[in-house]
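Written out below as structure tokens is the structure these notes cover.
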Amino acid sequence: MSTVSFPIKAKFVWSLIFDYDNTGNDGEIEQIYTFEESGKYTSKDFNQTVTSTAKRLAEQGHIKLEAGLSYGPVSASIGVGFESSQELSNMLQNTTATQSESTITYSRSEIRTCQYLLGMVLAIIFKSVFVLDIIGPRSRLCLYQRLFEGPGMGLQGRTTRTTPRPLTSEDLEQESAIDLTLAPQTFIKDIKVVYTDMLIEAPMDRVRANGQYSEDINFGVPSNIYPIRGVWLVPETTTKVSEALTRIDIFLTAREDPKYIDLSAGTNWRHPRYPFAYLVPVRQSDPNLPRLTQVALFRSLESKEPDLTDYAGRRTRNINEDRDGSGGFLYLLWNSQRSNPV
């Protein structure tokens, strides 16, 4: 898989928390303030910037991209020569994870006390470390917090800085960069239905199920009347956005359709109303629709909805809807991701 690498613009900003002027005071001054940390990441905004930058660099001949593919970050790090932090590293890792449509945020705050006593400033940080700053009598202290700003992301971190006077406008901001490596994204272009006569013939690359349950669609169906064939789902992948699926439908019907492979193979007699079940991959041309990147089966022997925490609420109908309950409740779940074709 070919990759491309390039930087995108970012910057560090020193944000003033307080400016305590003790120049006219030899006594004690106590100030209480809230120290806040927060982070925000919106994958849509980040990826739009990455895609537009990649296209511009490709047009200028600096990198080579293959038309019709969608490229996504596989690594992201702060540029060489710039100080990083654990919070910043964690945020940059979000860019290489499965992208969601929602904005990822976090925040925390703590109360801190700053005292001026006989020319000494003691910053007490609750649930953290003690920081001691010494200033002379009739002096001034400015406390700044370092912020990071990049496409679709912002970080208000733990790094602070004290100065005896306010920073100049030139010192408040520092241009930086995020070093990116992109690779073509992989999507699902089809779900094949595979029959087997023996369990040991199950495809190794079949769609996996939750927990201890079998991935065989016919799992749980008694074979004391007719021999039961194994029915498995096998995903096929592509890097071409135009070939990628946008959703999956399950049709239960009383009529046989030769265009599709029956999920009820050998068990049609157990489906009184809808003896035929078909998996129909759907491929829509709308470029704004997310494309499938991951599929899984969810089976439950109890009457309950599947856990969609990791699948953004996307699922088919119950594949076993018309069966007698011997195979439990069975759903096909999927994750999808917005594509950025070049």
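Ligands are numbered from 1 in the order shown, chains are lettered A, B, ... in the order of the structure tokens, and residues start at 1 in each chain.
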Polymer residues at most 9 Å from Pro73 in chain A, only C-alpha atoms, same-chain spacing of 2 or more positions, as a compact mmCIF listing (two decimals) with all heavy atoms, in the first residue's frame:
```txt
# COMPACT_ATOMS: atom_id res chain seq x y z
N ASN A 47 -10.18 16.15 8.40
CA ASN A 47 -9.99 15.42 7.14
C ASN A 47 -10.22 16.30 5.92
O ASN A 47 -9.61 16.08 4.88
CB ASN A 47 -10.91 14.20 7.10
CG ASN A 47 -10.43 13.10 8.02
OD1 ASN A 47 -9.25 12.82 8.11
ND2 ASN A 47 -11.35 12.47 8.72
N VAL A 50 -6.95 18.02 5.51
CA VAL A 50 -5.95 17.06 5.02
C VAL A 50 -6.16 16.78 3.53
O VAL A 50 -5.21 16.78 2.73
CB VAL A 50 -6.02 15.75 5.82
CG1 VAL A 50 -5.15 14.67 5.18
CG2 VAL A 50 -5.57 15.99 7.26
N TYR A 71 -7.77 8.96 0.91
CA TYR A 71 -6.59 8.79 1.76
C TYR A 71 -6.90 9.24 3.19
O TYR A 71 -7.55 10.27 3.39
CB TYR A 71 -5.41 9.59 1.21
CG TYR A 71 -4.83 9.01 -0.06
CD1 TYR A 71 -5.45 9.22 -1.29
CD2 TYR A 71 -3.67 8.25 -0.03
CE1 TYR A 71 -4.91 8.69 -2.46
CE2 TYR A 71 -3.13 7.71 -1.20
CZ TYR A 71 -3.76 7.94 -2.41
OH TYR A 71 -3.23 7.40 -3.56
N SER A 75 -0.47 7.86 10.50
CA SER A 75 0.37 8.35 11.60
C SER A 75 0.32 9.87 11.60
O SER A 75 0.19 10.50 10.55
CB SER A 75 1.82 7.87 11.46
OG SER A 75 2.48 8.52 10.39
N ALA A 76 0.40 10.43 12.79
CA ALA A 76 0.39 11.89 12.96
C ALA A 76 1.21 12.24 14.19
O ALA A 76 1.04 11.64 15.25
CB ALA A 76 -1.05 12.40 13.12
N THR A 95 -6.65 11.06 15.13
CA THR A 95 -6.71 11.26 13.68
C THR A 95 -6.51 9.96 12.92
O THR A 95 -6.88 9.87 11.74
CB THR A 95 -5.65 12.27 13.22
OG1 THR A 95 -4.34 11.73 13.41
CG2 THR A 95 -5.78 13.57 13.99
N THR A 96 -5.89 8.96 13.55
CA THR A 96 -5.63 7.70 12.86
C THR A 96 -6.63 6.62 13.25
O THR A 96 -6.58 5.51 12.72
CB THR A 96 -4.22 7.19 13.16
OG1 THR A 96 -4.09 6.90 14.56
CG2 THR A 96 -3.18 8.23 12.79
N ALA A 97 -7.53 6.93 14.18
CA ALA A 97 -8.53 5.96 14.61
C ALA A 97 -9.74 6.02 13.68
O ALA A 97 -9.84 6.88 12.81
CB ALA A 97 -8.96 6.24 16.05
N LEU A 180 2.19 14.31 8.86
CA LEU A 180 1.22 13.27 8.54
C LEU A 180 1.76 12.26 7.55
O LEU A 180 2.54 12.61 6.66
CB LEU A 180 -0.05 13.89 7.93
CG LEU A 180 -0.94 14.75 8.82
CD1 LEU A 180 -2.02 15.39 7.97
CD2 LEU A 180 -1.55 13.91 9.92
N THR A 181 1.32 11.02 7.72
CA THR A 181 1.51 9.99 6.70
C THR A 181 0.14 9.45 6.36
O THR A 181 -0.61 9.04 7.26
CB THR A 181 2.42 8.85 7.18
OG1 THR A 181 3.72 9.37 7.46
CG2 THR A 181 2.54 7.76 6.12
N LEU A 182 -0.21 9.48 5.07
CA LEU A 182 -1.52 9.03 4.61
C LEU A 182 -1.39 7.74 3.80
O LEU A 182 -0.38 7.52 3.14
CB LEU A 182 -2.20 10.09 3.74
CG LEU A 182 -2.33 11.52 4.26
CD1 LEU A 182 -3.18 12.34 3.30
CD2 LEU A 182 -2.92 11.54 5.66
N ALA A 183 -2.43 6.94 3.85
CA ALA A 183 -2.51 5.72 3.05
C ALA A 183 -3.93 5.60 2.53
O ALA A 183 -4.87 6.14 3.11
CB ALA A 183 -2.14 4.49 3.88
N PRO A 184 -4.12 4.90 1.40
CA PRO A 184 -5.48 4.71 0.88
C PRO A 184 -6.36 4.01 1.91
O PRO A 184 -5.95 3.04 2.54
CB PRO A 184 -5.26 3.84 -0.36
CG PRO A 184 -3.86 4.11 -0.77
CD PRO A 184 -3.10 4.31 0.50
N GLN A 185 -7.58 4.50 2.09
CA GLN A 185 -8.52 3.88 3.00
C GLN A 185 -9.10 2.61 2.38
O GLN A 185 -9.29 2.53 1.16
CB GLN A 185 -9.65 4.84 3.33
CG GLN A 185 -9.22 6.06 4.14
CD GLN A 185 -10.36 7.03 4.33
OE1 GLN A 185 -10.70 7.78 3.42
NE2 GLN A 185 -10.96 7.02 5.52
```
Who sits within 7 Å of Asp179 in chain A, only C-alpha atoms, same chain under 6 positions skipped, as a PyMOL selection string: chain A and resi 6-8+76-79
Can you tell me, as a tab-separated table (two decimals) with N, CA, C and O atoms, in the first residue's frame, what residues are no more than 10 Å from range 297-301 of chain A when counting only C-alpha atoms, ignoring any on the same chain fewer than 3 positions away?
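Just written: part-v3.tsv:
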```
chain	number	residue	atom	x	y	z
A	207	VAL	N	-17.14	-13.12	8.43
A	207	VAL	CA	-17.55	-12.09	9.38
A	207	VAL	C	-17.68	-12.73	10.76
A	207	VAL	O	-18.31	-13.77	10.91
A	208	ARG	N	-17.07	-12.11	11.75
A	208	ARG	CA	-17.06	-12.67	13.11
A	208	ARG	C	-18.28	-12.23	13.91
A	208	ARG	O	-18.88	-11.19	13.64
A	209	ALA	N	-18.60	-13.05	14.92
A	209	ALA	CA	-19.75	-12.78	15.77
A	209	ALA	C	-19.30	-12.43	17.18
A	209	ALA	O	-18.15	-12.67	17.56
A	210	ASN	N	-20.22	-11.88	17.96
A	210	ASN	CA	-19.92	-11.52	19.34
A	210	ASN	C	-19.82	-12.76	20.22
A	210	ASN	O	-20.47	-13.78	20.00
A	211	GLY	N	-18.98	-12.64	21.23
A	211	GLY	CA	-18.91	-13.67	22.27
A	211	GLY	C	-18.62	-15.07	21.76
A	211	GLY	O	-17.82	-15.29	20.86
A	212	GLN	N	-19.31	-16.05	22.35
A	212	GLN	CA	-19.05	-17.46	22.08
A	212	GLN	C	-19.91	-18.02	20.95
A	212	GLN	O	-19.81	-19.20	20.63
A	213	TYR	N	-20.74	-17.20	20.34
A	213	TYR	CA	-21.69	-17.71	19.38
A	213	TYR	C	-21.06	-17.92	18.01
A	213	TYR	O	-20.12	-17.23	17.61
A	214	SER	N	-21.63	-18.86	17.27
A	214	SER	CA	-21.14	-19.21	15.95
A	214	SER	C	-21.51	-18.13	14.93
A	214	SER	O	-22.53	-17.46	15.06
A	215	GLU	N	-20.64	-18.01	13.89
A	215	GLU	CA	-20.93	-17.08	12.80
A	215	GLU	C	-21.79	-17.74	11.72
A	215	GLU	O	-22.17	-17.08	10.75
A	216	ASP	N	-22.11	-19.00	11.89
A	216	ASP	CA	-22.97	-19.71	10.93
A	216	ASP	C	-24.38	-19.15	11.02
A	216	ASP	O	-25.00	-19.16	12.09
A	217	ILE	N	-24.91	-18.66	9.90
A	217	ILE	CA	-26.26	-18.11	9.90
A	217	ILE	C	-27.27	-19.16	10.36
A	217	ILE	O	-28.27	-18.84	11.00
A	219	PHE	N	-26.83	-21.43	12.58
A	219	PHE	CA	-26.53	-21.91	13.93
A	219	PHE	C	-27.82	-22.06	14.73
A	219	PHE	O	-28.69	-21.20	14.72
A	220	GLY	N	-27.94	-23.19	15.42
A	220	GLY	CA	-29.09	-23.42	16.30
A	220	GLY	C	-30.25	-24.11	15.64
A	220	GLY	O	-31.21	-24.51	16.33
A	233	LEU	N	-20.82	-15.47	5.98
A	233	LEU	CA	-20.66	-14.19	5.29
A	233	LEU	C	-19.18	-13.84	5.21
A	233	LEU	O	-18.48	-13.90	6.22
A	304	LYS	N	-33.52	-9.18	22.86
A	304	LYS	CA	-32.94	-7.87	23.18
A	304	LYS	C	-32.27	-7.29	21.94
A	304	LYS	O	-31.92	-7.99	21.00
A	305	GLU	N	-32.12	-5.98	21.97
A	305	GLU	CA	-31.48	-5.28	20.86
A	305	GLU	C	-29.97	-5.46	20.96
A	305	GLU	O	-29.42	-5.63	22.05
A	306	PRO	N	-29.27	-5.42	19.84
A	306	PRO	CA	-27.82	-5.57	19.87
A	306	PRO	C	-27.13	-4.36	20.49
A	306	PRO	O	-27.67	-3.26	20.48
A	307	ASP	N	-25.95	-4.60	21.05
A	307	ASP	CA	-25.14	-3.51	21.59
A	307	ASP	C	-24.47	-2.80	20.41
A	307	ASP	O	-23.61	-3.36	19.74
A	308	LEU	N	-24.88	-1.56	20.18
A	308	LEU	CA	-24.39	-0.82	19.01
A	308	LEU	C	-23.33	0.21	19.39
A	308	LEU	O	-23.02	1.10	18.60
A	315	ARG	N	-27.30	-1.15	11.77
A	315	ARG	CA	-27.55	-2.58	11.78
A	315	ARG	C	-28.64	-2.93	10.79
A	315	ARG	O	-29.42	-2.08	10.34
A	316	THR	N	-28.73	-4.22	10.46
A	316	THR	CA	-29.83	-4.71	9.63
A	316	THR	C	-31.01	-5.08	10.52
A	316	THR	O	-30.94	-4.98	11.76
A	318	ASN	N	-33.52	-8.06	12.08
A	318	ASN	CA	-33.22	-9.38	12.63
A	318	ASN	C	-33.29	-10.42	11.51
A	318	ASN	O	-34.36	-10.66	10.94
A	319	ILE	N	-32.15	-11.04	11.20
A	319	ILE	CA	-32.10	-12.03	10.12
A	319	ILE	C	-32.98	-13.24	10.45
A	319	ILE	O	-33.54	-13.88	9.56
A	320	ASN	N	-33.11	-13.56	11.72
A	320	ASN	CA	-33.91	-14.71	12.15
A	320	ASN	C	-35.35	-14.32	12.50
A	320	ASN	O	-36.03	-15.04	13.23
A	325	GLY	N	-37.02	-19.29	16.51
A	325	GLY	CA	-36.29	-18.86	17.70
A	325	GLY	C	-35.13	-19.73	18.07
A	325	GLY	O	-34.37	-19.40	19.00
A	326	SER	N	-34.92	-20.84	17.38
A	326	SER	CA	-33.84	-21.74	17.75
A	326	SER	C	-32.46	-21.13	17.53
A	326	SER	O	-31.50	-21.48	18.21
A	327	GLY	N	-32.36	-20.19	16.58
A	327	GLY	CA	-31.07	-19.55	16.32
A	327	GLY	C	-30.92	-18.21	17.01
A	327	GLY	O	-29.92	-17.51	16.81
A	328	GLY	N	-31.88	-17.85	17.82
A	328	GLY	CA	-31.83	-16.58	18.53
A	328	GLY	C	-32.09	-15.40	17.61
A	328	GLY	O	-32.63	-15.52	16.52
A	329	PHE	N	-31.71	-14.23	18.09
A	329	PHE	CA	-31.85	-12.99	17.32
A	329	PHE	C	-30.51	-12.69	16.66
A	329	PHE	O	-29.47	-12.73	17.33
A	330	LEU	N	-30.50	-12.39	15.39
A	330	LEU	CA	-29.26	-12.26	14.63
A	330	LEU	C	-29.29	-10.98	13.79
A	330	LEU	O	-30.21	-10.77	13.00
A	331	TYR	N	-28.26	-10.15	13.98
A	331	TYR	CA	-28.16	-8.89	13.25
A	331	TYR	C	-26.78	-8.77	12.63
A	331	TYR	O	-25.78	-9.27	13.18
A	332	LEU	N	-26.70	-8.07	11.52
A	332	LEU	CA	-25.43	-7.70	10.93
A	332	LEU	C	-25.20	-6.22	11.23
A	332	LEU	O	-26.04	-5.37	10.90
A	333	LEU	N	-24.08	-5.91	11.88
A	333	LEU	CA	-23.74	-4.55	12.27
A	333	LEU	C	-22.61	-4.04	11.38
A	333	LEU	O	-21.83	-4.83	10.85
A	334	TRP	N	-22.51	-2.73	11.25
A	334	TRP	CA	-21.38	-2.21	10.50
A	334	TRP	C	-20.97	-0.82	10.97
A	334	TRP	O	-21.74	-0.08	11.55
```
In range 183-328 of chain A, DSSP strand (DSSP E) residues written as a VMD selection string: chain A and resid 183 to 184 187 to 196 230 to 238 247 to 253 276 to 282 291 to 300
Store the residues picked out above, limited to N, CA and C atoms, as a short mmCIF file (atom, residue, chain, number, x, y, z; two decimals), in the first residue's frame.
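Once written, again37.cif looks like this:
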```cif
data_model
loop_
_atom_site.label_atom_id
_atom_site.label_comp_id
_atom_site.auth_asym_id
_atom_site.auth_seq_id
_atom_site.Cartn_x
_atom_site.Cartn_y
_atom_site.Cartn_z
N ALA A 183 -2.43 6.94 3.85
CA ALA A 183 -2.51 5.72 3.05
C ALA A 183 -3.93 5.60 2.53
N PRO A 184 -4.12 4.90 1.40
CA PRO A 184 -5.48 4.71 0.88
C PRO A 184 -6.36 4.01 1.91
N PHE A 187 -12.28 0.00 2.19
CA PHE A 187 -13.72 -0.09 2.40
C PHE A 187 -14.21 -1.48 2.02
N ILE A 188 -15.43 -1.77 2.41
CA ILE A 188 -16.06 -3.05 2.05
C ILE A 188 -16.86 -2.85 0.78
N LYS A 189 -16.60 -3.69 -0.22
CA LYS A 189 -17.31 -3.55 -1.49
C LYS A 189 -18.36 -4.62 -1.72
N ASP A 190 -18.33 -5.70 -0.94
CA ASP A 190 -19.33 -6.74 -1.12
C ASP A 190 -19.30 -7.68 0.09
N ILE A 191 -20.41 -8.39 0.30
CA ILE A 191 -20.50 -9.44 1.32
C ILE A 191 -20.92 -10.71 0.58
N LYS A 192 -20.02 -11.67 0.50
CA LYS A 192 -20.31 -12.92 -0.19
C LYS A 192 -20.96 -13.91 0.77
N VAL A 193 -21.94 -14.67 0.25
CA VAL A 193 -22.57 -15.73 1.03
C VAL A 193 -21.94 -17.05 0.59
N VAL A 194 -21.38 -17.77 1.55
CA VAL A 194 -20.64 -19.00 1.26
C VAL A 194 -21.31 -20.17 1.98
N TYR A 195 -21.54 -21.26 1.25
CA TYR A 195 -22.11 -22.48 1.83
C TYR A 195 -20.99 -23.49 2.11
N THR A 196 -21.14 -24.24 3.20
CA THR A 196 -20.23 -25.36 3.48
C THR A 196 -21.06 -26.53 3.99
N GLY A 230 -23.90 -25.13 6.32
CA GLY A 230 -23.39 -23.92 6.95
C GLY A 230 -23.49 -22.74 6.01
N VAL A 231 -23.89 -21.60 6.54
CA VAL A 231 -24.00 -20.38 5.73
C VAL A 231 -23.15 -19.31 6.40
N TRP A 232 -22.18 -18.77 5.65
CA TRP A 232 -21.21 -17.83 6.19
C TRP A 232 -21.18 -16.56 5.35
N LEU A 233 -20.82 -15.47 5.98
CA LEU A 233 -20.66 -14.19 5.29
C LEU A 233 -19.18 -13.84 5.21
N VAL A 234 -18.72 -13.49 4.01
CA VAL A 234 -17.30 -13.18 3.80
C VAL A 234 -17.21 -11.80 3.14
N PRO A 235 -16.57 -10.82 3.81
CA PRO A 235 -16.46 -9.48 3.22
C PRO A 235 -15.35 -9.40 2.17
N GLU A 236 -15.58 -8.59 1.16
CA GLU A 236 -14.55 -8.28 0.17
C GLU A 236 -14.26 -6.79 0.25
N THR A 237 -13.00 -6.41 0.13
CA THR A 237 -12.61 -5.02 0.34
C THR A 237 -12.10 -4.36 -0.94
N THR A 238 -12.03 -3.04 -0.89
CA THR A 238 -11.54 -2.25 -2.00
C THR A 238 -11.00 -0.94 -1.48
N ARG A 247 -24.52 0.80 2.64
CA ARG A 247 -25.32 0.14 3.67
C ARG A 247 -25.58 -1.31 3.23
N ILE A 248 -26.22 -2.06 4.12
CA ILE A 248 -26.58 -3.45 3.84
C ILE A 248 -28.05 -3.65 4.21
N ASP A 249 -28.80 -4.26 3.33
CA ASP A 249 -30.21 -4.56 3.60
C ASP A 249 -30.41 -6.08 3.70
N ILE A 250 -31.36 -6.48 4.53
CA ILE A 250 -31.79 -7.88 4.62
C ILE A 250 -33.25 -7.94 4.17
N PHE A 251 -33.53 -8.78 3.16
CA PHE A 251 -34.89 -8.95 2.68
C PHE A 251 -35.38 -10.35 3.00
N LEU A 252 -36.52 -10.43 3.68
CA LEU A 252 -37.20 -11.71 3.93
C LEU A 252 -38.41 -11.75 3.02
N THR A 253 -38.51 -12.79 2.21
CA THR A 253 -39.54 -12.81 1.19
C THR A 253 -40.09 -14.22 0.96
N PHE A 276 -37.43 -17.36 2.17
CA PHE A 276 -36.17 -16.93 1.58
C PHE A 276 -35.67 -15.66 2.27
N ALA A 277 -34.36 -15.64 2.54
CA ALA A 277 -33.72 -14.48 3.18
C ALA A 277 -32.52 -14.08 2.33
N TYR A 278 -32.44 -12.81 1.97
CA TYR A 278 -31.37 -12.35 1.09
C TYR A 278 -30.63 -11.16 1.71
N LEU A 279 -29.32 -11.20 1.59
CA LEU A 279 -28.48 -10.06 1.97
C LEU A 279 -28.22 -9.25 0.70
N VAL A 280 -28.56 -7.97 0.76
CA VAL A 280 -28.43 -7.11 -0.42
C VAL A 280 -27.46 -5.96 -0.10
N PRO A 281 -26.26 -6.00 -0.66
CA PRO A 281 -25.32 -4.88 -0.48
C PRO A 281 -25.80 -3.68 -1.29
N VAL A 282 -25.74 -2.50 -0.67
CA VAL A 282 -26.22 -1.28 -1.33
C VAL A 282 -25.04 -0.34 -1.56
N ARG A 291 -18.93 5.31 3.82
CA ARG A 291 -18.71 4.00 3.22
C ARG A 291 -18.36 2.97 4.31
N LEU A 292 -18.81 1.73 4.11
CA LEU A 292 -18.60 0.68 5.11
C LEU A 292 -17.12 0.33 5.25
N THR A 293 -16.68 0.22 6.50
CA THR A 293 -15.29 -0.14 6.78
C THR A 293 -15.16 -1.40 7.63
N GLN A 294 -16.25 -1.81 8.30
CA GLN A 294 -16.17 -2.94 9.24
C GLN A 294 -17.55 -3.54 9.41
N VAL A 295 -17.62 -4.88 9.48
CA VAL A 295 -18.90 -5.56 9.71
C VAL A 295 -18.71 -6.62 10.79
N ALA A 296 -19.80 -6.95 11.48
CA ALA A 296 -19.78 -7.98 12.52
C ALA A 296 -21.20 -8.52 12.69
N LEU A 297 -21.29 -9.75 13.15
CA LEU A 297 -22.59 -10.35 13.47
C LEU A 297 -22.84 -10.23 14.96
N PHE A 298 -24.08 -10.00 15.32
CA PHE A 298 -24.48 -10.00 16.72
C PHE A 298 -25.62 -10.99 16.88
N ARG A 299 -25.41 -11.97 17.75
CA ARG A 299 -26.43 -12.98 18.01
C ARG A 299 -26.76 -13.00 19.50
N SER A 300 -28.06 -13.06 19.80
CA SER A 300 -28.51 -13.14 21.18
C SER A 300 -29.61 -14.20 21.26
#
```
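Pairwise distance (CA of Thr246 in chain A, CA of Asn288 in chain A) equals 10.2 Å.
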